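Notes to accompany the following structure.
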Amino acid sequence: MKVAVLLSGGLDSTTALYWAHHHHEVVCALSFDYGSNHAARELACARWQAQHLGIPYHEINLRSISAHLQSALLNGAEAIPTADYAEENLKQTVVPFRNGIFLAIAAGIAESNGAEAIVIAAHNGDHALYPDCREDFMAAMASAISLGTYAKLQILRPFIANTKGEITSIGAELGVDFSHTYSCYCGRERHCGQCATCRERKESFSAAGLPDPTPYEA
C-alpha cells in the first residue's frame, strides 16, 4: 500500500516511519512547523530520518495558524511545566485540535501524491487530556477523510494499542537510530529531563530495557 507518514521527529513518529517503510511503500513523510518551542530541533531530526531512508520529505509551515492558538508549547521554554503529571500541568501543553489540523492537511497532500493511506503514531499511552489522540477521534477522522477523498484514504494507526515502551522496542527492532529523535518541550540543545515528554522518553527506554542515548540536562 502507498502511504504518507506524519513525521514530527520524535520517538513515536520516527518508529512509525520505519514501520511504514518496512510494511508499505512510503510516498512521502510530512512534517508541520507550527511554531512550537522545540520545532527547530525536532524538525531537523525528521529531515534526517527521512533522508536516511531515502523518503521524499515535505515540511509544511503552519506558523500563521499557530499564532491564533493558545498553548504553553507555543509560548517559550519558560511556559513549560516541569512538575509531576498533574492534570492542570499537562493541559497547558495541549495544542488545540493539533492532530485534526495535521490530518486534514495531510489528506490533501497524501491524495495528491497517490497515497492510499496516512500513517500516524497515535498510541494508548497518549494522555487522556489530549482528545485528538484518542481512538474514538481517530476513527471519526478516518471516516471523514475516507468520505472526503476520491482515494478513500485510510488512517493507519499501527501503535494504537501499544505503550510508548512497546513502541520503543519496535523501533529498536526496526533499526531506528533514536539519537536522531527529539522530544523535549523546552527545545534546548540538550533535553531538559524534567518536562513531561522527557520523563516519558526516559520511561520508554527503561520499559523497553534499552540504553537511552539521549543527553539530558537533569
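Identifiers in this document derive from the order of the C-alpha cells: chains are assigned A, B, ..., residues are numbered from 1 separately in each chain, and ligands are numbered from 1 in order of occurrence.
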(message) Applying 8 Å and only C-alpha atoms, which residues near Asp33 (chain A) remain after dropping the ones on its own chain fewer than 5 positions away? List them as a list in words.
(response) Ala39, Leu43, Glu59, Ile60, Asn61, Leu62 and Arg63 of chain A
(message) I want to know what sits within 10 Å of His180 (chain A), based on only C-alpha atoms, with residues of the same chain fewer than 4 positions away left out; could you give that as a VMD selection string?
(response) chain A and resid 9 to 11 14 41 to 42 44 to 49 176 213 to 214
(request) Excluding Ala218 (chain A) and any residue of its chain fewer than 6 positions from it, enumerate the residues within 7 Å of it, using only C-alpha atoms, and give them as a ChimeraX atom specification. (result) /A:192-194
(message) I need the residue nearest Phe205 (chain A) from this list: A:Cys133, A:Ala142, A:Ile170, A:Ile160. Use only C-alpha atoms for the distance.
(response) A:Ile170
(request) Measuring atom to atom with only C-alpha atoms, identify which of A:Leu103, A:Ala196, A:Cys184, A:Ala161 is nearest to Tyr216 (chain A). (result)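 Among the listed residues, the smallest separation from Tyr216 (chain A) belongs to A:Cys184.
Shortest separation to Ala20 (chain A) among A:Tyr150, A:Phe97, A:Phe178, A:Phe159 occurs at residue A:Phe159, atoms counted being only C-alpha atoms.
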Pro211 (chain A) environment, 12 Å, only C-alpha atoms, sequence neighbours closer than 3 positions dropped, as an mmCIF file with N, CA and C atoms, in the first residue's frame:
```cif
data_model
loop_
_atom_site.group_PDB
_atom_site.id
_atom_site.type_symbol
_atom_site.label_atom_id
_atom_site.label_comp_id
_atom_site.auth_asym_id
_atom_site.auth_seq_id
_atom_site.Cartn_x
_atom_site.Cartn_y
_atom_site.Cartn_z
ATOM 1 N N THR A 168 9.035 1.822 21.563
ATOM 2 C CA THR A 168 10.493 1.924 21.593
ATOM 3 C C THR A 168 11.136 0.582 21.246
ATOM 4 N N SER A 169 10.574 -0.492 21.761
ATOM 5 C CA SER A 169 11.075 -1.830 21.431
ATOM 6 C C SER A 169 10.922 -2.132 19.945
ATOM 7 N N ALA A 172 13.511 -0.210 17.960
ATOM 8 C CA ALA A 172 14.833 -0.822 18.052
ATOM 9 C C ALA A 172 14.939 -2.022 17.114
ATOM 10 N N ASP A 177 17.562 4.788 14.713
ATOM 11 C CA ASP A 177 18.625 5.457 15.451
ATOM 12 C C ASP A 177 17.957 6.529 16.314
ATOM 13 N N PHE A 178 17.714 6.215 17.574
ATOM 14 C CA PHE A 178 16.980 7.112 18.455
ATOM 15 C C PHE A 178 17.775 8.359 18.835
ATOM 16 N N SER A 179 19.087 8.350 18.576
ATOM 17 C CA SER A 179 19.873 9.545 18.866
ATOM 18 C C SER A 179 19.503 10.682 17.926
ATOM 19 N N ARG A 201 9.975 9.892 27.748
ATOM 20 C CA ARG A 201 11.053 9.346 26.925
ATOM 21 C C ARG A 201 11.962 8.446 27.769
ATOM 22 N N LYS A 202 12.355 8.939 28.930
ATOM 23 C CA LYS A 202 13.189 8.131 29.830
ATOM 24 C C LYS A 202 12.495 6.820 30.187
ATOM 25 N N GLU A 203 11.223 6.929 30.541
ATOM 26 C CA GLU A 203 10.460 5.752 30.960
ATOM 27 C C GLU A 203 10.306 4.743 29.825
ATOM 28 N N SER A 204 10.210 5.238 28.589
ATOM 29 C CA SER A 204 10.018 4.321 27.457
ATOM 30 C C SER A 204 11.257 3.455 27.235
ATOM 31 N N PHE A 205 12.446 4.048 27.353
ATOM 32 C CA PHE A 205 13.674 3.252 27.205
ATOM 33 C C PHE A 205 13.824 2.275 28.362
ATOM 34 N N SER A 206 13.467 2.735 29.557
ATOM 35 C CA SER A 206 13.546 1.852 30.719
ATOM 36 C C SER A 206 12.592 0.677 30.568
ATOM 37 N N ALA A 207 11.361 0.942 30.133
ATOM 38 C CA ALA A 207 10.364 -0.113 29.968
ATOM 39 C C ALA A 207 10.782 -1.096 28.882
ATOM 40 N N ALA A 208 11.473 -0.585 27.860
ATOM 41 C CA ALA A 208 11.921 -1.449 26.757
ATOM 42 C C ALA A 208 13.205 -2.189 27.101
ATOM 43 N N THR A 214 19.960 9.570 24.924
ATOM 44 C CA THR A 214 19.607 10.981 24.989
ATOM 45 C C THR A 214 20.453 11.748 25.998
ATOM 46 N N PRO A 215 21.054 12.869 25.609
ATOM 47 C CA PRO A 215 21.753 13.716 26.596
ATOM 48 C C PRO A 215 20.733 14.591 27.320
#
```
(message) Residues of region 7-190 of chain A classed as alpha helix (DSSP H) by DSSP on the backbone are to be reported as an NGL selection string.
(response) :A and (11-23 or 39-53 or 63-66 or 87-91 or 98-112 or 135-147 or 164-174)
(request) Would you kindly return, as a VMD selection string, each protein, DNA or RNA residue with an atom no farther than 12 Å from any atom of Ala139 (chain A), considering only C-alpha atoms and excluding same-chain residues fewer than 4 positions away? (result) chain A and resid 100 122 132 to 135 143 to 146 154 to 157 160
(message) Measuring between only C-alpha atoms, which one of A:Val119, A:Ala140, A:Ala67, A:Ala106 shows the shortest distance to His24 (chain A)?
(response) A:Val119
(message) Counting only C-alpha atoms, which residue out of A:His58, A:Arg199, A:Lys152, A:His123 sits closest to Phe32 (chain A)?
(response) A:His58
(request) May I ask for the distance between CA of Gly187 (chain A) and CA of Asp212 (chain A), given in Å to one decimal place? (result) 18.4 Å
Residues of region 8-172 of chain A classed as strand (DSSP E) by DSSP on the backbone are to be reported as a tab-separated table (two decimals) with N, CA and C atoms, in the first residue's frame.
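Output file out01.tsv follows:
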```tsv
chain	number	residue	atom	x	y	z
A	25	GLU	N	4.82	1.07	0.94
A	25	GLU	CA	5.61	1.98	0.11
A	25	GLU	C	5.32	3.41	0.57
A	26	VAL	N	6.32	4.05	1.13
A	26	VAL	CA	6.13	5.41	1.66
A	26	VAL	C	6.36	6.43	0.55
A	27	VAL	N	5.30	7.12	0.15
A	27	VAL	CA	5.43	8.11	-0.93
A	27	VAL	C	5.95	9.43	-0.42
A	28	CYS	N	5.72	9.73	0.86
A	28	CYS	CA	6.27	10.96	1.43
A	28	CYS	C	6.14	10.94	2.95
A	29	ALA	N	7.03	11.68	3.60
A	29	ALA	CA	6.93	11.96	5.03
A	29	ALA	C	6.54	13.42	5.18
A	30	LEU	N	5.59	13.70	6.07
A	30	LEU	CA	5.06	15.06	6.23
A	30	LEU	C	5.34	15.57	7.63
A	31	SER	N	5.98	16.73	7.71
A	31	SER	CA	6.21	17.39	8.99
A	31	SER	C	5.54	18.75	8.97
A	32	PHE	N	5.16	19.23	10.15
A	32	PHE	CA	4.47	20.51	10.26
A	32	PHE	C	5.23	21.42	11.23
A	33	ASP	N	5.60	22.59	10.74
A	33	ASP	CA	6.23	23.60	11.59
A	33	ASP	C	5.13	24.52	12.09
A	57	TYR	N	10.52	14.15	1.51
A	57	TYR	CA	10.15	14.83	2.75
A	57	TYR	C	9.53	16.19	2.43
A	58	HIS	N	8.38	16.45	3.06
A	58	HIS	CA	7.69	17.73	2.88
A	58	HIS	C	7.47	18.37	4.25
A	59	GLU	N	7.89	19.62	4.38
A	59	GLU	CA	7.71	20.36	5.63
A	59	GLU	C	6.73	21.50	5.39
A	60	ILE	N	5.63	21.49	6.13
A	60	ILE	CA	4.55	22.45	5.92
A	60	ILE	C	4.59	23.51	7.01
A	61	ASN	N	4.65	24.77	6.60
A	61	ASN	CA	4.72	25.88	7.56
A	61	ASN	C	3.32	26.27	8.01
A	117	ALA	N	-3.20	5.75	2.03
A	117	ALA	CA	-3.40	5.83	3.48
A	117	ALA	C	-2.42	6.82	4.09
A	118	ILE	N	-2.78	7.27	5.28
A	118	ILE	CA	-1.91	8.12	6.10
A	118	ILE	C	-1.55	7.33	7.35
A	119	VAL	N	-0.28	7.38	7.74
A	119	VAL	CA	0.17	6.69	8.95
A	119	VAL	C	0.41	7.71	10.04
A	154	GLN	N	-7.30	5.88	3.94
A	154	GLN	CA	-7.38	5.30	5.28
A	154	GLN	C	-6.43	6.03	6.23
A	155	ILE	N	-6.69	5.93	7.52
A	155	ILE	CA	-5.72	6.36	8.52
A	155	ILE	C	-5.22	5.10	9.23
A	156	LEU	N	-3.96	4.79	9.03
A	156	LEU	CA	-3.35	3.64	9.69
A	156	LEU	C	-2.73	4.11	11.01
```
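When only C-alpha atoms are used to measure the gap to His191 (chain A), the shortest distance among A:His38, A:His68, A:Phe137, A:Ala16 belongs to A:His38.
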